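Structure below is data-v6.pdb: PDB, C-alpha atoms and all ligand atoms.
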```pdb
ATOM      1  CA  MET A   1      42.997 -15.635-134.537  1.00  0.00           C
ATOM      2  CA  ILE A   2      41.120 -12.452-135.376  1.00  0.00           C
ATOM      3  CA  GLU A   3      38.678 -11.215-132.788  1.00  0.00           C
ATOM      4  CA  GLU A   4      35.579  -9.829-134.356  1.00  0.00           C
ATOM      5  CA  THR A   5      34.348  -6.592-132.877  1.00  0.00           C
ATOM      6  CA  PRO A   6      30.575  -6.478-132.845  1.00  0.00           C
ATOM      7  CA  ILE A   7      29.127  -3.633-134.869  1.00  0.00           C
ATOM      8  CA  PRO A   8      26.448  -1.670-133.048  1.00  0.00           C
ATOM      9  CA  GLU A   9      23.111  -1.292-134.771  1.00  0.00           C
ATOM     10  CA  ILE A  10      22.052   2.336-135.099  1.00  0.00           C
ATOM     11  CA  ASP A  11      18.930   3.309-136.990  1.00  0.00           C
ATOM     12  CA  ILE A  12      19.491   6.595-138.843  1.00  0.00           C
ATOM     13  CA  SER A  13      16.466   6.397-141.113  1.00  0.00           C
ATOM     14  CA  GLY A  14      15.048   9.471-139.372  1.00  0.00           C
ATOM     15  CA  VAL A  15      17.907  11.634-140.609  1.00  0.00           C
ATOM     16  CA  PRO A  16      17.221  13.214-144.022  1.00  0.00           C
ATOM     17  CA  PRO A  17      19.969  12.290-146.545  1.00  0.00           C
ATOM     18  CA  HIS A  18      21.094  15.892-147.019  1.00  0.00           C
ATOM     19  CA  LEU A  19      21.912  16.091-143.282  1.00  0.00           C
ATOM     20  CA  GLY A  20      23.952  12.889-143.334  1.00  0.00           C
ATOM     21  CA  THR A  21      27.233  14.809-143.366  1.00  0.00           C
ATOM     22  CA  HIS A  22      26.159  17.463-140.889  1.00  0.00           C
ATOM     23  CA  ARG A  23      28.800  18.046-138.213  1.00  0.00           C
ATOM     24  CA  VAL A  24      26.307  17.709-135.326  1.00  0.00           C
ATOM     25  CA  PHE A  25      24.973  14.458-136.730  1.00  0.00           C
ATOM     26  CA  LEU A  26      28.452  12.990-137.167  1.00  0.00           C
ATOM     27  CA  ASP A  27      29.399  13.923-133.596  1.00  0.00           C
ATOM     28  CA  LEU A  28      26.184  12.445-132.253  1.00  0.00           C
ATOM     29  CA  PHE A  29      26.740   9.280-134.280  1.00  0.00           C
ATOM     30  CA  CYS A  30      30.196   8.853-132.715  1.00  0.00           C
ATOM     31  CA  GLU A  31      28.750   9.486-129.273  1.00  0.00           C
ATOM     32  CA  VAL A  32      25.996   6.878-129.693  1.00  0.00           C
ATOM     33  CA  LYS A  33      28.421   4.370-131.190  1.00  0.00           C
ATOM     34  CA  GLU A  34      30.832   4.874-128.302  1.00  0.00           C
ATOM     35  CA  ALA A  35      28.037   4.391-125.781  1.00  0.00           C
ATOM     36  CA  LEU A  36      27.047   1.143-127.478  1.00  0.00           C
ATOM     37  CA  MET A  37      30.623  -0.115-127.359  1.00  0.00           C
ATOM     38  CA  ASN A  38      30.784   0.501-123.620  1.00  0.00           C
ATOM     39  CA  PRO A  39      29.802  -2.642-121.669  1.00  0.00           C
ATOM     40  CA  ALA A  40      28.866  -0.623-118.560  1.00  0.00           C
ATOM     41  CA  GLN A  41      26.493   1.435-120.690  1.00  0.00           C
ATOM     42  CA  ILE A  42      24.834  -1.620-122.233  1.00  0.00           C
ATOM     43  CA  ARG A  43      24.377  -3.117-118.791  1.00  0.00           C
ATOM     44  CA  ALA A  44      22.953   0.156-117.427  1.00  0.00           C
ATOM     45  CA  VAL A  45      20.416   0.441-120.254  1.00  0.00           C
ATOM     46  CA  CYS A  46      19.275  -3.155-119.765  1.00  0.00           C
ATOM     47  CA  ILE A  47      18.862  -2.564-116.035  1.00  0.00           C
ATOM     48  CA  HIS A  48      16.926   0.637-116.736  1.00  0.00           C
ATOM     49  CA  GLU A  49      14.605  -1.193-119.135  1.00  0.00           C
ATOM     50  CA  ALA A  50      14.211  -4.076-116.649  1.00  0.00           C
ATOM     51  CA  GLY A  51      12.788  -1.561-114.178  1.00  0.00           C
ATOM     52  CA  HIS A  52      10.123  -0.443-116.626  1.00  0.00           C
ATOM     53  CA  HIS A  53       9.423  -4.014-117.715  1.00  0.00           C
ATOM     54  CA  ILE A  54       8.926  -5.396-114.213  1.00  0.00           C
ATOM     55  CA  TYR A  55       6.534  -2.666-113.097  1.00  0.00           C
ATOM     56  CA  PHE A  56       4.582  -2.333-116.348  1.00  0.00           C
ATOM     57  CA  SER A  57       4.141  -6.128-116.338  1.00  0.00           C
ATOM     58  CA  LYS A  58       2.711  -5.870-112.813  1.00  0.00           C
ATOM     59  CA  MET A  59       0.164  -3.410-114.236  1.00  0.00           C
ATOM     60  CA  GLY A  60      -0.928  -6.055-116.720  1.00  0.00           C
ATOM     61  CA  VAL A  61       0.965  -4.810-119.773  1.00  0.00           C
ATOM     62  CA  LYS A  62       1.676  -7.834-121.959  1.00  0.00           C
ATOM     63  CA  ASN A  63       3.321  -6.465-125.075  1.00  0.00           C
ATOM     64  CA  PHE A  64       6.667  -4.739-125.271  1.00  0.00           C
ATOM     65  CA  LEU A  65       8.241  -3.641-128.510  1.00  0.00           C
ATOM     66  CA  PRO A  66      12.038  -3.738-128.762  1.00  0.00           C
ATOM     67  CA  THR A  67      13.360  -0.539-130.324  1.00  0.00           C
ATOM     68  CA  LYS A  68      16.799  -0.032-131.846  1.00  0.00           C
ATOM     69  CA  ALA A  69      19.299   2.636-130.962  1.00  0.00           C
ATOM     70  CA  ARG A  70      18.448   5.517-133.247  1.00  0.00           C
ATOM     71  CA  ILE A  71      19.290   9.029-134.283  1.00  0.00           C
ATOM     72  CA  TRP A  72      16.734  11.266-135.883  1.00  0.00           C
ATOM     73  CA  TYR A  73      16.228  14.861-136.924  1.00  0.00           C
ATOM     74  CA  ASP A  74      13.384  16.737-135.312  1.00  0.00           C
ATOM     75  CA  GLU A  75      12.183  19.054-138.096  1.00  0.00           C
ATOM     76  CA  GLU A  76      10.107  21.177-135.758  1.00  0.00           C
ATOM     77  CA  ALA A  77      12.796  21.741-133.133  1.00  0.00           C
ATOM     78  CA  LYS A  78      15.521  21.799-135.821  1.00  0.00           C
ATOM     79  CA  LEU A  79      17.603  19.473-133.662  1.00  0.00           C
ATOM     80  CA  PHE A  80      19.168  16.048-133.874  1.00  0.00           C
ATOM     81  CA  ASP A  81      18.156  13.686-131.107  1.00  0.00           C
ATOM     82  CA  SER A  82      19.068  10.143-130.146  1.00  0.00           C
ATOM     83  CA  GLU A  83      18.100   7.270-127.926  1.00  0.00           C
ATOM     84  CA  LEU A  84      19.651   3.911-127.136  1.00  0.00           C
ATOM     85  CA  ALA A  85      17.825   0.647-127.744  1.00  0.00           C
ATOM     86  CA  GLY A  86      14.939  -0.080-125.424  1.00  0.00           C
ATOM     87  CA  LEU A  87      11.651  -1.819-124.836  1.00  0.00           C
ATOM     88  CA  ARG A  88       8.490   0.178-125.448  1.00  0.00           C
ATOM     89  CA  PRO A  89       5.465  -0.934-123.419  1.00  0.00           C
ATOM     90  CA  ASP A  90       2.176  -1.115-125.284  1.00  0.00           C
ATOM     91  CA  LEU A  91      -0.108   0.826-122.955  1.00  0.00           C
ATOM     92  CA  THR A  92      -3.227   0.611-125.117  1.00  0.00           C
ATOM     93  CA  SER A  93      -4.668  -2.185-122.971  1.00  0.00           C
ATOM     94  CA  ILE A  94      -4.716  -0.002-119.851  1.00  0.00           C
ATOM     95  CA  ARG A  95      -8.169   1.326-119.102  1.00  0.00           C
ATOM     96  CA  VAL A  96      -8.572   4.198-116.698  1.00  0.00           C
ATOM     97  CA  ASN A  97     -10.985   3.288-113.939  1.00  0.00           C
ATOM     98  CA  ILE A  98     -12.281   6.408-112.256  1.00  0.00           C
ATOM     99  CA  GLN A  99     -12.822   4.554-108.944  1.00  0.00           C
ATOM    100  CA  THR A 100      -9.212   3.481-108.677  1.00  0.00           C
ATOM    101  CA  VAL A 101      -7.548   6.196-110.724  1.00  0.00           C
ATOM    102  CA  ARG A 102      -5.182   7.284-107.939  1.00  0.00           C
ATOM    103  CA  GLU A 103      -3.836   3.753-107.479  1.00  0.00           C
ATOM    104  CA  GLN A 104      -3.443   3.554-111.242  1.00  0.00           C
ATOM    105  CA  VAL A 105      -1.560   6.841-111.381  1.00  0.00           C
ATOM    106  CA  LEU A 106       0.755   5.628-108.620  1.00  0.00           C
ATOM    107  CA  ASP A 107       1.350   2.352-110.492  1.00  0.00           C
ATOM    108  CA  MET A 108       2.109   4.357-113.617  1.00  0.00           C
ATOM    109  CA  ALA A 109       4.492   6.599-111.656  1.00  0.00           C
ATOM    110  CA  LYS A 110       6.307   3.540-110.302  1.00  0.00           C
ATOM    111  CA  ALA A 111       6.577   1.911-113.731  1.00  0.00           C
ATOM    112  CA  SER A 112       7.772   5.146-115.342  1.00  0.00           C
ATOM    113  CA  ALA A 113      10.257   6.025-112.599  1.00  0.00           C
ATOM    114  CA  ALA A 114      11.546   2.461-112.183  1.00  0.00           C
ATOM    115  CA  GLY A 115      14.038   2.822-115.046  1.00  0.00           C
ATOM    116  CA  GLY A 116      15.886   5.658-113.354  1.00  0.00           C
ATOM    117  CA  ILE A 117      15.701   4.110-109.891  1.00  0.00           C
ATOM    118  CA  PHE A 118      16.969   0.729-111.109  1.00  0.00           C
ATOM    119  CA  THR A 119      19.920   2.414-112.808  1.00  0.00           C
ATOM    120  CA  GLU A 120      20.655   4.464-109.702  1.00  0.00           C
ATOM    121  CA  ALA A 121      20.570   1.379-107.465  1.00  0.00           C
ATOM    122  CA  LEU A 122      22.166  -1.277-109.671  1.00  0.00           C
ATOM    123  CA  ALA A 123      24.297   0.567-112.194  1.00  0.00           C
ATOM    124  CA  GLU A 124      25.890   3.146-109.977  1.00  0.00           C
ATOM    125  CA  GLY A 125      27.576   6.030-111.696  1.00  0.00           C
ATOM    126  CA  MET A 126      25.849   5.382-115.041  1.00  0.00           C
ATOM    127  CA  ASP A 127      23.338   7.930-116.186  1.00  0.00           C
ATOM    128  CA  VAL A 128      20.849   6.538-118.656  1.00  0.00           C
ATOM    129  CA  GLY A 129      18.554   9.480-118.059  1.00  0.00           C
ATOM    130  CA  ASN A 130      14.870   9.507-117.419  1.00  0.00           C
ATOM    131  CA  ARG A 131      13.948  12.904-118.815  1.00  0.00           C
ATOM    132  CA  ARG A 132      11.670  11.248-121.377  1.00  0.00           C
ATOM    133  CA  ASP A 133      10.083   8.967-118.783  1.00  0.00           C
ATOM    134  CA  ARG A 134       9.330  11.955-116.577  1.00  0.00           C
ATOM    135  CA  GLY A 135       7.916  13.959-119.495  1.00  0.00           C
ATOM    136  CA  LEU A 136       5.724  11.104-120.641  1.00  0.00           C
ATOM    137  CA  PHE A 137       4.311  10.598-117.163  1.00  0.00           C
ATOM    138  CA  LYS A 138       3.457  14.295-116.940  1.00  0.00           C
ATOM    139  CA  LEU A 139       1.610  14.062-120.273  1.00  0.00           C
ATOM    140  CA  GLN A 140      -0.311  11.000-119.071  1.00  0.00           C
ATOM    141  CA  CYS A 141      -1.401  12.869-115.944  1.00  0.00           C
ATOM    142  CA  GLU A 142      -2.456  15.850-118.038  1.00  0.00           C
ATOM    143  CA  GLY A 143      -4.442  13.495-120.265  1.00  0.00           C
ATOM    144  CA  LEU A 144      -6.719  12.672-117.326  1.00  0.00           C
ATOM    145  CA  ARG A 145      -7.950  16.255-117.127  1.00  0.00           C
ATOM    146  CA  PRO A 146     -10.479  17.673-116.578  1.00  0.00           C
ATOM    147  CA  LYS A 147     -12.072  14.617-114.947  1.00  0.00           C
ATOM    148  CA  VAL A 148      -9.138  13.886-112.689  1.00  0.00           C
ATOM    149  CA  ILE A 149      -6.556  16.389-111.501  1.00  0.00           C
ATOM    150  CA  VAL A 150      -3.387  14.882-110.070  1.00  0.00           C
ATOM    151  CA  ASP A 151      -0.165  16.401-108.830  1.00  0.00           C
ATOM    152  CA  ASP A 152       2.222  14.583-111.143  1.00  0.00           C
ATOM    153  CA  GLU A 153       5.293  15.780-109.235  1.00  0.00           C
ATOM    154  CA  ALA A 154       4.023  14.345-105.951  1.00  0.00           C
ATOM    155  CA  PHE A 155       3.049  11.033-107.574  1.00  0.00           C
ATOM    156  CA  TRP A 156       6.411  10.795-109.328  1.00  0.00           C
ATOM    157  CA  LYS A 157       8.282  11.228-106.026  1.00  0.00           C
ATOM    158  CA  LEU A 158       6.029   8.676-104.320  1.00  0.00           C
ATOM    159  CA  GLY A 159       6.579   6.230-107.181  1.00  0.00           C
ATOM    160  CA  GLU A 160      10.346   6.684-106.943  1.00  0.00           C
ATOM    161  CA  ASP A 161      10.296   6.102-103.188  1.00  0.00           C
ATOM    162  CA  GLU A 162       8.268   2.910-103.498  1.00  0.00           C
ATOM    163  CA  VAL A 163      10.528   1.428-106.165  1.00  0.00           C
ATOM    164  CA  ARG A 164      13.589   2.383-104.088  1.00  0.00           C
ATOM    165  CA  LYS A 165      12.055   0.582-101.112  1.00  0.00           C
ATOM    166  CA  ASP A 166      11.297  -2.545-103.177  1.00  0.00           C
ATOM    167  CA  LEU A 167      14.896  -2.684-104.370  1.00  0.00           C
ATOM    168  CA  LYS A 168      16.262  -2.872-100.836  1.00  0.00           C
ATOM    169  CA  ASN A 169      15.135  -6.508-100.936  1.00  0.00           C
ATOM    170  CA  GLU A 170      17.903  -8.856-102.142  1.00  0.00           C
ATOM    171  CA  GLN A 171      15.479 -11.086-104.029  1.00  0.00           C
ATOM    172  CA  GLU A 172      14.082  -8.080-105.915  1.00  0.00           C
ATOM    173  CA  LYS A 173      17.610  -7.073-106.851  1.00  0.00           C
ATOM    174  CA  GLU A 174      18.335 -10.557-108.150  1.00  0.00           C
ATOM    175  CA  ASN A 175      15.092 -10.530-110.171  1.00  0.00           C
ATOM    176  CA  ALA A 176      16.057  -7.189-111.630  1.00  0.00           C
ATOM    177  CA  LEU A 177      19.390  -8.507-112.890  1.00  0.00           C
ATOM    178  CA  THR A 178      17.825 -11.678-114.294  1.00  0.00           C
ATOM    179  CA  GLU A 179      15.304  -9.564-116.173  1.00  0.00           C
ATOM    180  CA  ALA A 180      18.035  -7.227-117.426  1.00  0.00           C
ATOM    181  CA  ARG A 181      19.979 -10.209-118.852  1.00  0.00           C
ATOM    182  CA  LYS A 182      16.892 -11.407-120.723  1.00  0.00           C
ATOM    183  CA  ILE A 183      16.312  -7.918-122.091  1.00  0.00           C
ATOM    184  CA  LYS A 184      19.924  -7.703-123.250  1.00  0.00           C
ATOM    185  CA  LEU A 185      19.371 -10.690-125.549  1.00  0.00           C
ATOM    186  CA  LEU A 186      16.313  -8.970-126.964  1.00  0.00           C
ATOM    187  CA  ILE A 187      17.509  -5.409-127.519  1.00  0.00           C
ATOM    188  CA  TYR A 188      21.274  -5.853-127.992  1.00  0.00           C
ATOM    189  CA  PRO A 189      21.450  -9.227-129.773  1.00  0.00           C
ATOM    190  CA  TRP A 190      24.601  -8.118-131.605  1.00  0.00           C
ATOM    191  CA  SER A 191      26.516  -7.314-128.417  1.00  0.00           C
ATOM    192  CA  ASP A 192      28.641  -9.916-126.642  1.00  0.00           C
ATOM    193  CA  VAL A 193      28.547  -8.098-123.298  1.00  0.00           C
ATOM    194  CA  GLN A 194      27.856 -10.405-120.365  1.00  0.00           C
ATOM    195  CA  PHE A 195      26.872  -9.358-116.869  1.00  0.00           C
TER     196      PHE A 195
HETATM  197 ZN    ZN A 201      13.156   4.861-119.254  1.00  0.00          ZN
END
```

Written as structure tokens, how would this file's structure read?
Amino acid sequence: MIEETPIPEIDISGVPPHLGTHRVFLDLFCEVKEALMNPAQIRAVCIHEAGHHIYFSKMGVKNFLPTKARIWYDEEAKLFDSELAGLRPDLTSIRVNIQTVREQVLDMAKASAAGGIFTEALAEGMDVGNRRDRGLFKLQCEGLRPKVIVDDEAFWKLGEDEVRKDLKNEQEKENALTEARKIKLLIYPWSDVQF
């Protein structure tokens, strides 16, 4: 019997054809492919995305768009970049209410930081990275100016602490894993990894 190895899906449509043989691109492609073939990595990404999903859902976000693993070329920065598959929350339904803006910012900090905290707590030793999550949260805080000025660093830390506290609860941990399994079916349908 021949075992079929699943082939990872990687979207390279953002790489101009003339850069398709570029050394850096080829190395990055191998790196992304290797990550996608690593069951611990798949599990870690799904757990990371479960964190975002659980807390954005609590904020009332209903729509999440699955995105494929992709590599693209950033013309402005003159750099190749990559990301693994994920779930992008549609934040357009969130309305800023000036009366409760601080609670909203804290909720946003929790939802944005939850990916990293979930990975830290439930996928020990795996680094999925939350540089983008942190950067996006900073931009969202800056977007509130000049009406509202918030210390994004302080809110981020508070958000991290609250999610960490929530995850000490066994039931919350179980929910997180259940959610991560559902997300796996959605964003890595080609992968046969089970956890
Ligand atoms: Zn994230």

Problem - Surrounding residues of Arg88 (chain A) excluding itself and chain neighbours under 5 positions, 8 Å, all atoms listed in the file, as an MDAnalysis selection string - result: chainID A and resid 64:67

Mind writing the picked residues with C-alpha atoms as a short mmCIF file (atom, residue, chain, number, x, y, z; two decimals), in the coordinates of the input?
```cif
data_model
loop_
_atom_site.label_atom_id
_atom_site.label_comp_id
_atom_site.auth_asym_id
_atom_site.auth_seq_id
_atom_site.Cartn_x
_atom_site.Cartn_y
_atom_site.Cartn_z
CA PHE A 64 6.67 -4.74 -125.27
CA LEU A 65 8.24 -3.64 -128.51
CA PRO A 66 12.04 -3.74 -128.76
CA THR A 67 13.36 -0.54 -130.32
#
```

Practice task
Please provide as JSON, numbers by chain all residues within 10 Å of Pro89 (chain A), with the sequence filter that same-chain residues fewer than 3 positions apart are discarded (counting only C-alpha atoms).
Solution key: {"A": [52, 53, 56, 57, 61, 62, 63, 64, 65, 66, 86, 92]}

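When only C-alpha atoms and all ligand atoms are used to measure the gap to ligand ZN 201 (chain A), the shortest distance among A:Pro17, A:Pro8, A:Gly129, A:Gly60 belongs to A:Gly129.
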
Problem - Which of A:Leu106, A:Leu136, A:Leu79, A:Leu36 sits closest to ligand ZN 201 (chain A) [using only C-alpha atoms and all ligand atoms] - result: A:Leu136

Exercise for the section: Select the residues contacting ligand ZN 201 (chain A) at a distance of at most 8 Å, based on all atoms listed in the file, then format the selection as a PyMOL selection string. Expected result: chain A and resi 48-49+52+112-116+128-130+132-133

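Proximity of A:Val45, A:Ala50, A:Ala176, A:Ile149 to Glu83 (chain A), computed with all atoms listed in the file, is greatest for A:Val45.
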
Where atoms are absent from region 135-157 of chain A, fill them in so it carries N, CA and C atoms, then output it as a PDB file, in the coordinates of the input.
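What ended up in result_27.pdb:
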```pdb
ATOM      1  N   GLY A 135       8.762  13.157-118.612  1.00  0.00           N
ATOM      2  CA  GLY A 135       7.916  13.959-119.495  1.00  0.00           C
ATOM      3  C   GLY A 135       6.664  13.216-119.925  1.00  0.00           C
ATOM      4  N   LEU A 136       6.845  11.928-120.204  1.00  0.00           N
ATOM      5  CA  LEU A 136       5.724  11.104-120.641  1.00  0.00           C
ATOM      6  C   LEU A 136       4.696  10.937-119.516  1.00  0.00           C
ATOM      7  N   PHE A 137       5.209  10.754-118.312  1.00  0.00           N
ATOM      8  CA  PHE A 137       4.311  10.598-117.163  1.00  0.00           C
ATOM      9  C   PHE A 137       3.493  11.872-116.944  1.00  0.00           C
ATOM     10  N   LYS A 138       4.147  13.011-117.093  1.00  0.00           N
ATOM     11  CA  LYS A 138       3.457  14.295-116.940  1.00  0.00           C
ATOM     12  C   LYS A 138       2.326  14.405-117.965  1.00  0.00           C
ATOM     13  N   LEU A 139       2.626  14.011-119.217  1.00  0.00           N
ATOM     14  CA  LEU A 139       1.610  14.062-120.273  1.00  0.00           C
ATOM     15  C   LEU A 139       0.438  13.135-119.951  1.00  0.00           C
ATOM     16  N   GLN A 140       0.756  11.948-119.418  1.00  0.00           N
ATOM     17  CA  GLN A 140      -0.311  11.000-119.071  1.00  0.00           C
ATOM     18  C   GLN A 140      -1.209  11.587-117.988  1.00  0.00           C
ATOM     19  N   CYS A 141      -0.605  12.243-117.011  1.00  0.00           N
ATOM     20  CA  CYS A 141      -1.401  12.869-115.944  1.00  0.00           C
ATOM     21  C   CYS A 141      -2.274  13.973-116.526  1.00  0.00           C
ATOM     22  N   GLU A 142      -1.693  14.760-117.437  1.00  0.00           N
ATOM     23  CA  GLU A 142      -2.456  15.850-118.038  1.00  0.00           C
ATOM     24  C   GLU A 142      -3.608  15.311-118.877  1.00  0.00           C
ATOM     25  N   GLY A 143      -3.408  14.123-119.435  1.00  0.00           N
ATOM     26  CA  GLY A 143      -4.442  13.495-120.265  1.00  0.00           C
ATOM     27  C   GLY A 143      -5.688  13.117-119.473  1.00  0.00           C
ATOM     28  N   LEU A 144      -5.567  13.045-118.166  1.00  0.00           N
ATOM     29  CA  LEU A 144      -6.719  12.672-117.326  1.00  0.00           C
ATOM     30  C   LEU A 144      -7.639  13.858-117.070  1.00  0.00           C
ATOM     31  N   ARG A 145      -7.130  15.068-117.367  1.00  0.00           N
ATOM     32  CA  ARG A 145      -7.950  16.255-117.127  1.00  0.00           C
ATOM     33  C   ARG A 145      -9.075  16.346-118.139  1.00  0.00           C
ATOM     34  N   PRO A 146     -10.195  16.985-117.852  1.00  0.00           N
ATOM     35  CA  PRO A 146     -10.479  17.673-116.578  1.00  0.00           C
ATOM     36  C   PRO A 146     -11.119  16.766-115.527  1.00  0.00           C
ATOM     37  N   LYS A 147     -11.374  15.505-115.898  1.00  0.00           N
ATOM     38  CA  LYS A 147     -12.072  14.617-114.947  1.00  0.00           C
ATOM     39  C   LYS A 147     -11.282  14.413-113.670  1.00  0.00           C
ATOM     40  N   VAL A 148      -9.981  14.166-113.850  1.00  0.00           N
ATOM     41  CA  VAL A 148      -9.138  13.886-112.689  1.00  0.00           C
ATOM     42  C   VAL A 148      -7.955  14.850-112.716  1.00  0.00           C
ATOM     43  N   ILE A 149      -7.718  15.493-111.598  1.00  0.00           N
ATOM     44  CA  ILE A 149      -6.556  16.389-111.501  1.00  0.00           C
ATOM     45  C   ILE A 149      -5.574  15.785-110.509  1.00  0.00           C
ATOM     46  N   VAL A 150      -4.381  15.454-110.993  1.00  0.00           N
ATOM     47  CA  VAL A 150      -3.387  14.882-110.070  1.00  0.00           C
ATOM     48  C   VAL A 150      -2.123  15.729-110.090  1.00  0.00           C
ATOM     49  N   ASP A 151      -1.434  15.698-108.967  1.00  0.00           N
ATOM     50  CA  ASP A 151      -0.165  16.401-108.830  1.00  0.00           C
ATOM     51  C   ASP A 151       0.916  15.432-109.313  1.00  0.00           C
ATOM     52  N   ASP A 152       1.312  15.584-110.567  1.00  0.00           N
ATOM     53  CA  ASP A 152       2.222  14.583-111.143  1.00  0.00           C
ATOM     54  C   ASP A 152       3.568  14.552-110.427  1.00  0.00           C
ATOM     55  N   GLU A 153       4.008  15.707-109.938  1.00  0.00           N
ATOM     56  CA  GLU A 153       5.293  15.780-109.235  1.00  0.00           C
ATOM     57  C   GLU A 153       5.251  14.944-107.943  1.00  0.00           C
ATOM     58  N   ALA A 154       4.159  15.082-107.214  1.00  0.00           N
ATOM     59  CA  ALA A 154       4.023  14.345-105.951  1.00  0.00           C
ATOM     60  C   ALA A 154       3.943  12.842-106.217  1.00  0.00           C
ATOM     61  N   PHE A 155       3.170  12.458-107.241  1.00  0.00           N
ATOM     62  CA  PHE A 155       3.049  11.033-107.574  1.00  0.00           C
ATOM     63  C   PHE A 155       4.389  10.467-108.038  1.00  0.00           C
ATOM     64  N   TRP A 156       5.103  11.258-108.826  1.00  0.00           N
ATOM     65  CA  TRP A 156       6.411  10.795-109.328  1.00  0.00           C
ATOM     66  C   TRP A 156       7.348  10.487-108.152  1.00  0.00           C
ATOM     67  N   LYS A 157       7.397  11.405-107.188  1.00  0.00           N
ATOM     68  CA  LYS A 157       8.282  11.228-106.026  1.00  0.00           C
ATOM     69  C   LYS A 157       7.873   9.989-105.230  1.00  0.00           C
TER      70      LYS A 157
END
```
